file run-v3.cif (mmCIF, C-alpha atoms and all ligand atoms)
data_work
loop_
_atom_site.label_atom_id
_atom_site.label_comp_id
_atom_site.auth_asym_id
_atom_site.auth_seq_id
_atom_site.Cartn_x
_atom_site.Cartn_y
_atom_site.Cartn_z
CA MET A 1 90.86 98.66 75.86
CA LYS A 2 89.71 95.14 76.57
CA LYS A 3 87.27 94.87 79.50
CA CYS A 4 85.79 92.09 81.63
CA ASN A 5 82.39 91.01 80.31
CA ASN A 6 81.03 90.87 83.80
CA CYS A 7 82.62 93.66 85.90
CA LEU A 8 84.04 95.93 83.16
CA LEU A 9 87.56 96.04 84.67
CA PRO A 10 90.03 96.86 81.89
CA GLU A 11 93.19 95.04 80.90
CA THR A 12 95.32 97.67 82.66
CA HIS A 13 94.08 96.46 86.07
CA GLU A 14 96.94 94.90 88.04
CA THR A 15 97.11 91.08 87.80
CA ILE A 16 94.02 90.81 85.57
CA GLN A 17 93.52 87.92 83.16
CA TYR A 18 90.46 86.94 81.17
CA ASP A 19 89.08 83.44 80.63
CA SER A 20 87.65 82.11 77.35
CA LEU A 21 84.26 83.66 78.19
CA GLY A 22 85.84 87.07 78.65
CA ASN A 23 85.38 87.08 82.43
CA CYS A 24 88.25 88.21 84.62
CA ASN A 25 90.09 86.32 87.34
CA VAL A 26 88.82 88.67 90.07
CA CYS A 27 85.23 87.80 89.06
CA ASN A 28 86.08 84.11 89.08
CA GLN A 29 87.59 84.45 92.55
CA HIS A 30 84.40 86.12 93.65
CA THR A 31 82.36 83.13 92.45
CA PHE A 32 84.76 80.88 94.31
CA LYS A 33 84.33 82.98 97.47
CA ASN A 34 80.54 82.71 97.34
CA GLU A 35 80.07 79.18 96.06
CA VAL A 36 83.01 77.07 97.14
CA ILE A 37 84.32 78.41 100.44
CA ASP A 38 82.64 76.95 103.50
CA TRP A 39 82.31 80.06 105.66
CA ASN A 40 80.95 78.10 108.63
CA SER A 41 84.12 76.12 108.92
CA LYS A 42 86.17 79.28 108.39
CA LYS A 43 84.39 80.85 111.33
CA LYS A 44 85.34 77.84 113.48
CA GLU A 45 88.95 78.32 112.44
CA LEU A 46 88.66 81.88 113.67
CA ASP A 47 87.22 80.69 117.00
CA ASN A 48 90.19 78.37 117.43
CA LEU A 49 92.73 81.00 116.49
CA ILE A 50 91.29 83.47 118.98
CA ASP A 51 91.10 80.84 121.74
CA LYS A 52 94.79 80.21 121.32
CA TYR A 53 95.74 83.81 122.07
CA ARG A 54 92.98 85.29 124.18
CA GLY A 55 94.01 86.47 127.64
CA LYS A 56 97.63 85.35 127.37
CA TYR A 57 99.24 88.73 126.67
CA ASP A 58 98.75 92.36 127.72
CA TYR A 59 96.31 92.67 124.84
CA ASP A 60 94.45 89.92 122.97
CA CYS A 61 95.47 91.25 119.57
CA ILE A 62 96.54 94.28 117.57
CA VAL A 63 94.16 95.94 115.14
CA PRO A 64 95.96 98.21 112.66
CA PHE A 65 93.50 100.98 112.13
CA SER A 66 92.86 103.88 109.76
CA GLY A 67 89.31 104.75 110.76
CA GLY A 68 87.98 103.81 107.34
CA LYS A 69 85.18 101.30 106.83
CA ASP A 70 87.30 98.13 106.78
CA SER A 71 89.40 98.65 109.89
CA THR A 72 86.38 100.06 111.73
CA TRP A 73 84.42 96.94 110.85
CA THR A 74 87.31 94.70 111.93
CA LEU A 75 87.55 96.41 115.29
CA TYR A 76 83.79 96.40 115.81
CA TYR A 77 83.48 92.75 114.89
CA LEU A 78 86.27 91.54 117.16
CA ILE A 79 84.99 93.48 120.16
CA LYS A 80 81.32 92.73 119.61
CA GLU A 81 81.54 89.10 118.54
CA TYR A 82 84.53 87.95 120.62
CA LYS A 83 84.74 90.54 123.43
CA LEU A 84 88.44 90.95 122.69
CA ASN A 85 90.67 93.57 124.23
CA PRO A 86 92.67 94.82 121.24
CA LEU A 87 95.44 97.38 121.06
CA VAL A 88 94.49 99.68 118.20
CA VAL A 89 97.46 101.03 116.24
CA ARG A 90 97.15 103.91 113.83
CA PHE A 91 99.82 105.05 111.41
CA ASP A 92 98.99 108.65 110.49
CA HIS A 93 99.92 109.18 106.82
CA GLY A 94 99.54 112.94 107.23
CA PHE A 95 96.26 113.51 105.43
CA MET A 96 93.53 112.60 107.87
CA ARG A 97 90.24 114.38 107.20
CA PRO A 98 88.06 116.11 109.82
CA ASN A 99 85.12 113.72 109.53
CA LEU A 100 87.44 110.77 109.98
CA GLU A 101 88.79 112.15 113.24
CA LYS A 102 85.23 112.66 114.44
CA ASN A 103 84.34 109.08 113.55
CA ILE A 104 87.34 107.78 115.48
CA LYS A 105 86.50 109.81 118.55
CA ASN A 106 82.93 108.53 118.49
CA LEU A 107 84.07 104.99 117.97
CA SER A 108 86.59 105.02 120.78
CA ARG A 109 83.93 106.24 123.18
CA LYS A 110 81.25 103.84 122.02
CA LEU A 111 83.40 100.71 121.84
CA GLY A 112 86.17 101.41 124.38
CA PHE A 113 89.73 100.42 123.50
CA ASP A 114 93.34 101.56 123.96
CA MET A 115 94.94 103.20 120.95
CA ILE A 116 98.41 104.22 119.84
CA ASN A 117 98.78 106.90 117.20
CA PHE A 118 102.05 107.26 115.33
CA THR A 119 102.82 110.27 113.12
CA PRO A 120 106.04 110.00 111.13
CA ASN A 121 108.41 112.88 110.40
CA TRP A 122 106.82 115.10 107.74
CA LYS A 123 110.18 116.17 106.30
CA ILE A 124 110.97 112.56 105.52
CA VAL A 125 107.43 111.85 104.30
CA GLN A 126 107.78 114.64 101.71
CA LYS A 127 111.01 113.21 100.36
CA LEU A 128 109.54 109.72 100.24
CA MET A 129 106.46 110.95 98.36
CA LEU A 130 108.52 112.73 95.73
CA ARG A 131 110.95 109.84 95.30
CA SER A 132 108.34 107.11 94.95
CA PHE A 133 106.24 109.31 92.67
CA LEU A 134 109.22 109.86 90.35
CA ASP A 135 110.38 106.26 90.38
CA LYS A 136 107.07 104.42 90.41
CA GLY A 137 104.39 106.95 89.52
CA ASP A 138 102.90 106.22 92.95
CA PHE A 139 103.51 108.58 95.88
CA CYS A 140 101.97 106.39 98.59
CA TRP A 141 105.06 104.34 99.45
CA HIS A 142 105.44 105.94 102.90
CA CYS A 143 101.83 105.26 103.76
CA HIS A 144 101.57 101.69 102.54
CA THR A 145 104.91 100.53 103.95
CA GLY A 146 104.25 102.39 107.21
CA ILE A 147 100.75 101.00 107.66
CA PHE A 148 101.98 97.44 107.20
CA SER A 149 105.34 97.68 109.02
CA TYR A 150 104.69 99.88 112.00
CA PRO A 151 102.08 97.66 113.71
CA MET A 152 104.49 94.72 113.35
CA TRP A 153 107.10 96.62 115.34
CA ILE A 154 104.49 97.30 118.01
CA SER A 155 103.67 93.61 118.05
CA ILE A 156 107.32 92.83 118.85
CA GLU A 157 107.86 95.66 121.31
CA LYS A 158 104.71 94.97 123.30
CA GLU A 159 104.73 91.22 122.78
CA ILE A 160 101.29 90.93 121.24
CA PRO A 161 101.56 88.14 118.68
CA LEU A 162 98.11 88.20 117.05
CA ILE A 163 97.34 90.87 114.44
CA PHE A 164 94.03 91.33 112.63
CA TRP A 165 93.86 93.15 109.31
CA GLY A 166 90.66 93.67 107.34
CA GLU A 167 89.78 92.41 103.88
CA LYS A 168 91.82 90.00 101.78
CA SER A 169 93.63 91.40 98.75
CA SER A 170 91.84 88.80 96.63
CA GLU A 171 88.68 90.90 97.02
CA TYR A 172 90.21 93.27 94.48
CA SER A 173 93.20 91.69 92.74
CA SER A 174 94.86 88.37 92.04
CA TYR A 175 98.18 88.62 93.82
CA PHE A 176 96.68 85.89 95.95
CA SER A 177 93.73 83.71 95.13
CA TYR A 178 90.79 83.34 97.50
CA ASP A 179 91.81 79.84 98.55
CA ASP A 180 95.30 80.98 99.57
CA ASP A 181 95.69 81.43 103.29
CA GLU A 182 96.81 84.98 102.94
CA GLU A 183 99.13 85.67 105.86
CA VAL A 184 99.92 89.39 106.07
CA ASP A 185 103.67 88.89 106.17
CA GLU A 186 106.87 90.02 104.52
CA LYS A 187 106.21 87.94 101.42
CA ARG A 188 102.94 89.78 100.86
CA PHE A 189 104.62 93.07 101.77
CA ASP A 190 107.25 92.54 99.07
CA ARG A 191 104.83 91.18 96.50
CA TYR A 192 102.26 93.88 96.65
CA ILE A 193 102.74 96.62 99.22
CA ASN A 194 106.15 98.21 98.78
CA LEU A 195 106.21 98.74 94.97
CA GLY A 196 109.35 96.62 94.85
CA ILE A 197 111.26 99.15 96.97
CA THR A 198 112.49 97.99 100.38
CA SER A 199 113.49 100.65 102.89
CA GLU A 200 117.11 99.82 102.20
CA ASP A 201 116.59 100.51 98.48
CA MET A 202 114.82 103.69 99.46
CA TYR A 203 117.77 104.74 101.58
CA PHE A 204 120.00 104.62 98.49
CA ARG A 205 117.38 106.18 96.25
CA LEU A 206 117.35 109.15 98.65
CA ASP A 207 121.10 109.43 98.22
CA GLU A 208 121.70 108.37 101.82
CA GLU A 209 120.23 111.68 102.96
CA PHE A 210 118.65 110.05 106.02
CA ASP A 211 120.18 107.48 108.31
CA MET A 212 118.63 103.99 107.93
CA LYS A 213 117.30 104.31 111.48
CA ARG A 214 115.06 107.12 110.30
CA LEU A 215 113.41 104.71 107.87
CA LYS A 216 112.56 102.17 110.55
CA PRO A 217 108.80 102.90 110.52
CA TYR A 218 108.80 101.82 106.85
CA THR A 219 110.96 98.76 107.35
CA TYR A 220 109.47 95.31 107.80
CA PRO A 221 110.80 93.79 111.05
CA PRO A 222 113.26 90.89 110.80
CA LYS A 223 111.75 87.43 110.36
CA GLU A 224 113.59 85.99 113.38
CA LYS A 225 112.00 88.48 115.76
CA LEU A 226 108.52 87.77 114.47
CA LYS A 227 109.11 84.05 114.55
CA LYS A 228 110.41 84.11 118.08
CA LEU A 229 107.16 85.66 119.22
CA ASN A 230 105.11 83.25 117.05
CA VAL A 231 103.37 86.11 115.33
CA ARG A 232 100.17 85.43 113.40
CA SER A 233 99.19 88.30 111.15
CA VAL A 234 95.94 87.52 109.36
CA CYS A 235 93.01 89.09 107.51
CA LEU A 236 89.63 88.91 109.20
CA GLY A 237 88.35 88.55 105.64
CA SER A 238 89.93 85.08 105.51
CA TYR A 239 87.41 83.90 108.11
CA ILE A 240 84.21 85.82 107.44
CA SER A 241 82.71 86.63 104.06
CA TRP A 242 83.64 90.25 103.36
CA ASP A 243 80.88 92.54 102.15
CA VAL A 244 81.78 96.22 102.18
CA LYS A 245 78.29 97.53 101.61
CA THR A 246 76.57 95.54 104.34
CA GLN A 247 79.39 96.19 106.79
CA SER A 248 79.36 99.94 106.16
CA ASN A 249 75.62 99.96 106.84
CA ILE A 250 76.07 98.14 110.12
CA ILE A 251 78.83 100.41 111.46
CA SER A 252 76.79 103.45 110.46
CA LYS A 253 73.75 102.18 112.32
CA GLU A 254 75.49 100.75 115.36
CA LEU A 255 78.34 103.24 115.86
CA GLY A 256 77.25 106.40 114.09
CA TRP A 257 80.16 106.02 111.66
CA THR A 258 79.59 108.44 108.78
CA GLY A 259 80.80 108.40 105.21
CA ASP A 260 82.09 111.43 103.36
CA GLU A 261 82.35 113.11 100.01
CA VAL A 262 85.48 111.98 98.14
CA GLU A 263 86.83 113.62 95.01
CA ASN A 264 85.66 111.74 91.90
CA VAL A 265 83.64 109.19 93.84
CA PRO A 266 79.87 108.93 93.18
CA PRO A 267 77.93 109.98 96.31
CA GLU A 268 76.25 106.59 96.68
CA TYR A 269 79.70 105.20 97.54
CA ASN A 270 80.40 107.73 100.28
CA TYR A 271 81.79 104.99 102.55
CA GLU A 272 84.83 104.49 100.35
CA LYS A 273 88.33 105.85 101.05
CA ILE A 274 87.25 108.67 103.32
CA GLU A 275 90.48 108.59 105.30
CA CYS A 276 92.90 110.59 103.17
CA TYR A 277 92.69 113.99 101.54
CA MET A 278 95.24 112.97 98.93
CA GLN A 279 92.88 110.22 97.73
CA GLY A 280 91.68 112.34 94.81
CA VAL A 281 95.25 112.71 93.54
CA ARG A 282 95.99 109.02 93.98
CA ASP A 283 92.90 108.10 91.97
CA TYR A 284 93.63 110.75 89.34
CA ILE A 285 97.14 109.38 88.78
CA LYS A 286 95.69 105.90 88.47
CA TYR A 287 93.23 107.14 85.86
CA LEU A 288 95.97 108.85 83.85
CA LYS A 289 98.21 105.75 84.00
CA ARG A 290 95.65 103.00 83.59
CA GLY A 291 92.59 104.64 82.06
CA TYR A 292 90.29 103.78 84.97
CA SER A 293 90.05 104.54 88.68
CA ARG A 294 87.84 104.28 91.73
CA PRO A 295 84.39 104.55 90.12
CA SER A 296 85.29 101.55 87.92
CA HIS A 297 86.52 99.66 90.95
CA LEU A 298 83.33 100.41 92.90
CA VAL A 299 80.88 99.52 90.16
CA ALA A 300 82.90 96.35 89.48
CA LEU A 301 82.17 95.19 93.04
CA ASP A 302 78.49 95.98 92.58
CA LEU A 303 78.37 94.26 89.20
CA ARG A 304 79.85 91.11 90.73
CA ASN A 305 77.22 91.24 93.46
CA LYS A 306 74.51 92.00 90.89
CA ARG A 307 73.57 95.24 92.62
CA ILE A 308 73.79 97.53 89.61
CA THR A 309 73.02 97.35 85.89
CA LYS A 310 75.80 97.65 83.33
CA GLU A 311 74.15 100.76 81.88
CA ARG A 312 74.17 102.55 85.24
CA ALA A 313 77.73 101.37 85.90
CA LYS A 314 78.93 102.85 82.63
CA GLU A 315 77.07 106.05 83.33
CA LEU A 316 78.76 106.48 86.73
CA ILE A 317 82.18 105.77 85.28
CA ASN A 318 81.61 108.38 82.62
CA LEU A 319 80.31 110.95 85.08
CA TYR A 320 83.01 110.70 87.74
CA GLU A 321 86.18 109.22 86.41
CA GLY A 322 89.37 111.10 85.57
CA LYS A 323 88.43 114.68 86.49
CA LYS A 324 91.26 116.83 87.76
CA PRO A 325 90.96 117.07 91.58
CA LYS A 326 91.56 120.25 93.55
CA SER A 327 93.82 118.28 95.90
CA LEU A 328 96.38 118.17 93.09
CA ASP A 329 97.39 121.77 93.90
CA LEU A 330 98.14 120.79 97.48
CA PHE A 331 100.02 117.69 96.45
CA LEU A 332 102.25 119.69 94.14
CA LYS A 333 103.07 122.14 96.94
CA PHE A 334 103.91 119.26 99.27
CA ILE A 335 106.35 117.63 96.85
CA GLY A 336 107.60 120.82 95.15
CA LEU A 337 106.77 120.09 91.51
CA ASN A 338 104.65 122.06 89.05
CA GLU A 339 101.79 120.72 86.97
CA LYS A 340 103.82 120.28 83.80
CA GLU A 341 106.39 118.21 85.66
CA PHE A 342 103.60 116.20 87.28
CA TYR A 343 102.20 115.12 83.91
CA GLU A 344 105.69 114.38 82.64
CA VAL A 345 106.27 111.97 85.52
CA VAL A 346 102.92 110.25 85.11
CA LYS A 347 103.44 109.88 81.39
CA ASN A 348 106.61 107.99 82.09
CA HIS A 349 104.58 105.40 84.02
CA LEU A 350 101.74 104.79 81.58
CA ILE A 351 100.37 101.26 81.47
CA SER A 352 99.99 100.05 77.90
CA PRO A 353 97.74 100.20 75.93
CA ASN A 354 96.22 103.14 77.80
CA GLN A 355 96.79 106.62 76.38
CA MET A 356 96.90 109.48 78.87
CA ASN A 357 93.74 111.59 78.79
CA ILE A 358 93.94 114.91 80.65
CA ASP A 359 90.83 116.51 79.16
CA ARG A 360 88.11 115.30 81.48
CA GLY A 361 87.47 118.62 83.22
CA ASN A 362 87.62 119.40 86.94
CA ALA A 363 86.32 117.44 89.92
CA LYS A 364 83.83 118.97 92.32
CA LEU A 365 85.31 120.61 95.41
CA THR A 366 84.57 118.64 98.57
CA HIS A 367 82.78 120.34 101.47
CA ASP A 368 85.80 120.17 103.79
CA PHE A 369 88.49 121.23 101.32
CA HIS A 370 89.17 124.46 103.20
CA HIS A 371 89.84 122.54 106.40
CA TRP A 372 92.65 120.44 104.96
CA ASN A 373 96.00 121.39 106.40
CA THR A 374 98.11 123.05 103.74
CA GLU A 375 101.27 123.63 105.80
CA GLY A 376 104.51 122.02 104.76
CA ASP A 377 105.60 123.01 101.26
CA SER A 378 108.71 121.42 99.83
CA ASN A 379 111.70 123.54 98.98
CA ARG A 380 111.09 124.17 95.27
CA ASP A 381 114.78 124.43 94.34
CA GLU A 382 115.57 121.12 96.00
CA SER A 383 112.65 119.37 94.32
CA LYS A 384 113.50 120.89 90.96
CA LYS A 385 117.04 119.58 91.26
CA ILE A 386 115.80 116.08 92.10
CA PHE A 387 113.32 116.24 89.22
CA ASP A 388 116.02 117.33 86.74
CA GLU A 389 118.29 114.50 87.85
CA TRP A 390 115.42 112.06 87.43
CA LYS A 391 114.80 113.36 83.94
CA ASP A 392 118.43 112.99 82.96
CA GLN A 393 118.39 109.45 84.26
CA ILE A 394 115.29 108.59 82.26
CA LYS A 395 116.94 109.98 79.15
CA THR A 396 120.04 107.90 79.71
CA PHE A 397 118.64 104.65 81.08
CA GLY A 398 114.93 104.72 80.19
CA LYS A 399 112.26 103.90 82.78
ZN ZN A 401 85.55 90.87 86.08
#
call {"tool": "encode", "arguments": {"input": "run-v3.cif", "output": "structure tokens"}}
result
Amino acid sequence: MKKCNNCLLPETHETIQYDSLGNCNVCNQHTFKNEVIDWNSKKKELDNLIDKYRGKYDYDCIVPFSGGKDSTWTLYYLIKEYKLNPLVVRFDHGFMRPNLEKNIKNLSRKLGFDMINFTPNWKIVQKLMLRSFLDKGDFCWHCHTGIFSYPMWISIEKEIPLIFWGEKSSEYSSYFSYDDDEEVDEKRFDRYINLGITSEDMYFRLDEEFDMKRLKPYTYPPKEKLKKLNVRSVCLGSYISWDVKTQSNIISKELGWTGDEVENVPPEYNYEKIECYMQGVRDYIKYLKRGYSRPSHLVALDLRNKRITKERAKELINLYEGKKPKSLDLFLKFIGLNEKEFYEVVKNHLISPNQMNIDRGNAKLTHDFHHWNTEGDSNRDESKKIFDEWKDQIKTFGK
């Protein structure tokens, strides 16, 4: 596969393009971020934005929050730098890990803030995971749509019009370029969050099994309602220069935030994606489909920042990428498929020119594996029926 000369990202990376020197557009955006953007004036824009909203509502802003490094940094920064009183909103995707919960408890006591936690109906989550996995080769639809929709509903219900998200998507992809003012709105939601499936589409894909009302947590609120409240939903990363490594160090030192072991992630990146015990499966599927996964993504960031040599980067990719994670067993129980069916689905979503490689051995078991909740199997007969129907459809209509 073709790879970026600078960061090694392959041609199967979403939105990637290479220039005449063989460098990718994400690398070029990174240069733009560091050399062209005037971060001092961006910071002043942030001051002005906050001045406009501070003290005028029950809370100064909403911070959608997972407990991972980016949302923790966002929360820390807004409280420390601006003394804001945010309402923290957490959408629980169902796979929170023990260390994450500990981090959140520590954080809430050290910083002090009000927090809402929302846990959606597991029975619906299971169906959504299976359906989006079959149709898109990506089971995270419920999580990504929920994370981005649910806080917007809270904004409307509680009349808190300012929402702060973390990093910009242009850190990692080119759905938006770094000079776009990336508003976290419905346009962005449709372009890059919901896999092209709105909740209404999902309702039909699930054969109308659940009333539309049940899918509300995954539905983006109507434009008129958001407009009426004058909602601004922005990335903190539009106003301050985002640097994951430095920020993770600061929250560790100042708040006692701790990283964790993650399946198929080199230990030196223990701050990455610690919030979900299905992360290993997500990354594994990505590897099978696209021929690369999280280690490539992490060393690419370091290569852009000139913090690692290409030799070491290649070594880490080779050591950690594409091993079969233990979490796969759990995932299969939760959605009711077997391993053979799993590979059949993934194969249907391969990104050309990658060829699926399932011979990379097994990933190391993480220290907390035995503490992950394993309750909540799917009904195997039901899942098998849905799988068989999917297969027939593929045969008749193709992908
Ligand atoms: Zn690159």
call {"tool": "closest_residue", "arguments": {"input": "run-v3.cif", "among": "A:His297, A:Lys225, A:Lys158, A:Arg191", "to": "ligand ZN 401 (chain A)", "atoms": "only C-alpha atoms and all ligand atoms"}}
result
A:His297
call {"tool": "closest_atom_pairs", "arguments": {"input": "run-v3.cif", "of": "chain A", "to": "ligand ZN 401 (chain A)", "cutoff": "6 Å", "atoms": "all atoms listed in the file", "output": "Markdown table"}}
result
| residue | atom | partner | partner_atom | distance |
| --- | --- | --- | --- | --- |
| A:Cys4 | CA | A:ZN401 | ZN | 4.6 |
| A:Asn6 | CA | A:ZN401 | ZN | 5.1 |
| A:Cys7 | CA | A:ZN401 | ZN | 4.0 |
| A:Leu9 | CA | A:ZN401 | ZN | 5.7 |
| A:Asn23 | CA | A:ZN401 | ZN | 5.3 |
| A:Cys24 | CA | A:ZN401 | ZN | 4.1 |
| A:Val26 | CA | A:ZN401 | ZN | 5.6 |
| A:Cys27 | CA | A:ZN401 | ZN | 4.3 |
call {"tool": "closest_residue", "arguments": {"input": "run-v3.cif", "among": "A:Cys235, A:Ala363, A:Val63, A:Leu229", "to": "Tyr320 of chain A", "atoms": "all atoms listed in the file"}}
result
A:Ala363
call {"tool": "closest_residue", "arguments": {"input": "run-v3.cif", "among": "A:Ser296, A:Ile351, A:Lys102, A:Leu130", "to": "Lys384 of chain A", "atoms": "only C-alpha atoms"}}
result
A:Leu130
call {"tool": "closest_residue", "arguments": {"input": "run-v3.cif", "among": "A:Phe387, A:Ile154, A:Leu8, A:Asn338", "to": "Val299 of chain A", "atoms": "only C-alpha atoms"}}
result
A:Leu8
call {"tool": "closest_atom_pairs", "arguments": {"input": "run-v3.cif", "of": "segment 133-166 of chain A", "to": "segment 268-285 of chain A", "cutoff": "12 Å", "atoms": "only C-alpha atoms", "output": "tab-separated table"}}
result
residue	atom	partner	partner_atom	distance
A:Phe133	CA	A:Ile285	CA	9.9
A:Lys136	CA	A:Ile285	CA	11.2
A:Gly137	CA	A:Ile285	CA	7.7
A:Asp138	CA	A:Arg282	CA	7.5
A:Phe139	CA	A:Arg282	CA	7.8
A:Cys140	CA	A:Arg282	CA	8.0
A:Trp141	CA	A:Arg282	CA	11.6
A:Cys143	CA	A:Cys276	CA	10.4
call {"tool": "residues_near_point", "arguments": {"input": "run-v3.cif", "point": "(97.3, 93.4, 106.8)", "cutoff": "9 Å", "atoms": "only C-alpha atoms", "output": "PyMOL selection string"}}
result
chain A and resi 64+147-148+163-168+183-185+188-189+233-235
call {"tool": "closest_residue", "arguments": {"input": "run-v3.cif", "among": "A:Lys123, A:Pro98, A:Phe204, A:Thr366", "to": "Asn379 of chain A", "atoms": "all atoms listed in the file"}}
result
A:Lys123
call {"tool": "atom_distance", "arguments": {"input": "run-v3.cif", "atom1": "atom CA of Gly291 of chain A", "atom2": "atom CA of Gln393 of chain A"}}
result
26.3 Å
call {"tool": "atom_distance", "arguments": {"input": "run-v3.cif", "atom1": "atom CA of Lys340 of chain A", "atom2": "atom CA of Thr198 of chain A"}}
result
29.1 Å
call {"tool": "residues_near_point", "arguments": {"input": "run-v3.cif", "point": "(100.1, 98.7, 115.1)", "cutoff": "8 Å", "atoms": "all atoms listed in the file", "output": "list of chain:residue names"}}
result
A:Ile62, A:Val63, A:Pro64, A:Phe65, A:Leu87, A:Val88, A:Val89, A:Arg90, A:Phe91, A:Ile116, A:Ile147, A:Tyr150, A:Pro151, A:Met152, A:Trp153, A:Ile154, A:Ser155
call {"tool": "residues_around", "arguments": {"input": "run-v3.cif", "residues": "Trp242 of chain A", "least_positions_apart": "4", "cutoff": "10 Å", "atoms": "only C-alpha atoms", "output": "JSON list (two decimals) with C-alpha atoms, keeping the file's coordinate frame"}}
result
[["chain", "number", "residue", "atom", "x", "y", "z"],
["A", 33, "LYS", "CA", 84.33, 82.98, 97.47],
["A", 70, "ASP", "CA", 87.30, 98.13, 106.78],
["A", 166, "GLY", "CA", 90.66, 93.67, 107.34],
["A", 167, "GLU", "CA", 89.78, 92.41, 103.88],
["A", 168, "LYS", "CA", 91.82, 90.00, 101.78],
["A", 171, "GLU", "CA", 88.68, 90.90, 97.02],
["A", 236, "LEU", "CA", 89.63, 88.91, 109.20],
["A", 237, "GLY", "CA", 88.35, 88.55, 105.64],
["A", 238, "SER", "CA", 89.93, 85.08, 105.51],
["A", 246, "THR", "CA", 76.57, 95.54, 104.34],
["A", 247, "GLN", "CA", 79.39, 96.19, 106.79]]
call {"tool": "closest_residue", "arguments": {"input": "run-v3.cif", "among": "A:Leu100, A:Val231, A:Ile317, A:Met129", "to": "Lys69 of chain A", "atoms": "only C-alpha atoms"}}
result
A:Leu100
call {"tool": "build_atoms", "arguments": {"input": "run-v3.cif", "residues": "segment 382-394 of chain A", "atoms": "N, CA and C atoms", "output": "mmCIF file, keeping the file's coordinate frame"}}
result
data_model
loop_
_atom_site.group_PDB
_atom_site.id
_atom_site.type_symbol
_atom_site.label_atom_id
_atom_site.label_comp_id
_atom_site.auth_asym_id
_atom_site.auth_seq_id
_atom_site.Cartn_x
_atom_site.Cartn_y
_atom_site.Cartn_z
ATOM 1 N N GLU A 382 115.137 122.489 95.735
ATOM 2 C CA GLU A 382 115.570 121.120 96.000
ATOM 3 C C GLU A 382 114.805 120.121 95.131
ATOM 4 N N SER A 383 113.481 120.303 95.097
ATOM 5 C CA SER A 383 112.650 119.370 94.320
ATOM 6 C C SER A 383 112.970 119.458 92.838
ATOM 7 N N LYS A 384 113.192 120.680 92.374
ATOM 8 C CA LYS A 384 113.500 120.890 90.960
ATOM 9 C C LYS A 384 114.793 120.168 90.587
ATOM 10 N N LYS A 385 115.753 120.236 91.497
ATOM 11 C CA LYS A 385 117.040 119.580 91.260
ATOM 12 C C LYS A 385 116.836 118.054 91.177
ATOM 13 N N ILE A 386 116.060 117.532 92.096
ATOM 14 C CA ILE A 386 115.800 116.080 92.100
ATOM 15 C C ILE A 386 115.052 115.682 90.826
ATOM 16 N N PHE A 387 114.087 116.517 90.446
ATOM 17 C CA PHE A 387 113.320 116.240 89.220
ATOM 18 C C PHE A 387 114.244 116.233 87.988
ATOM 19 N N ASP A 388 115.111 117.240 87.906
ATOM 20 C CA ASP A 388 116.020 117.330 86.740
ATOM 21 C C ASP A 388 116.955 116.123 86.665
ATOM 22 N N GLU A 389 117.427 115.695 87.826
ATOM 23 C CA GLU A 389 118.290 114.500 87.850
ATOM 24 C C GLU A 389 117.528 113.268 87.383
ATOM 25 N N TRP A 390 116.286 113.183 87.837
ATOM 26 C CA TRP A 390 115.420 112.060 87.430
ATOM 27 C C TRP A 390 115.246 112.054 85.912
ATOM 28 N N LYS A 391 115.018 113.241 85.386
ATOM 29 C CA LYS A 391 114.800 113.360 83.940
ATOM 30 C C LYS A 391 116.040 112.938 83.141
ATOM 31 N N ASP A 392 117.187 113.380 83.626
ATOM 32 C CA ASP A 392 118.430 112.990 82.960
ATOM 33 C C ASP A 392 118.598 111.477 82.974
ATOM 34 N N GLN A 393 118.264 110.897 84.109
ATOM 35 C CA GLN A 393 118.390 109.450 84.260
ATOM 36 C C GLN A 393 117.486 108.704 83.287
ATOM 37 N N ILE A 394 116.247 109.212 83.173
ATOM 38 C CA ILE A 394 115.290 108.590 82.260
ATOM 39 C C ILE A 394 115.839 108.651 80.825
#
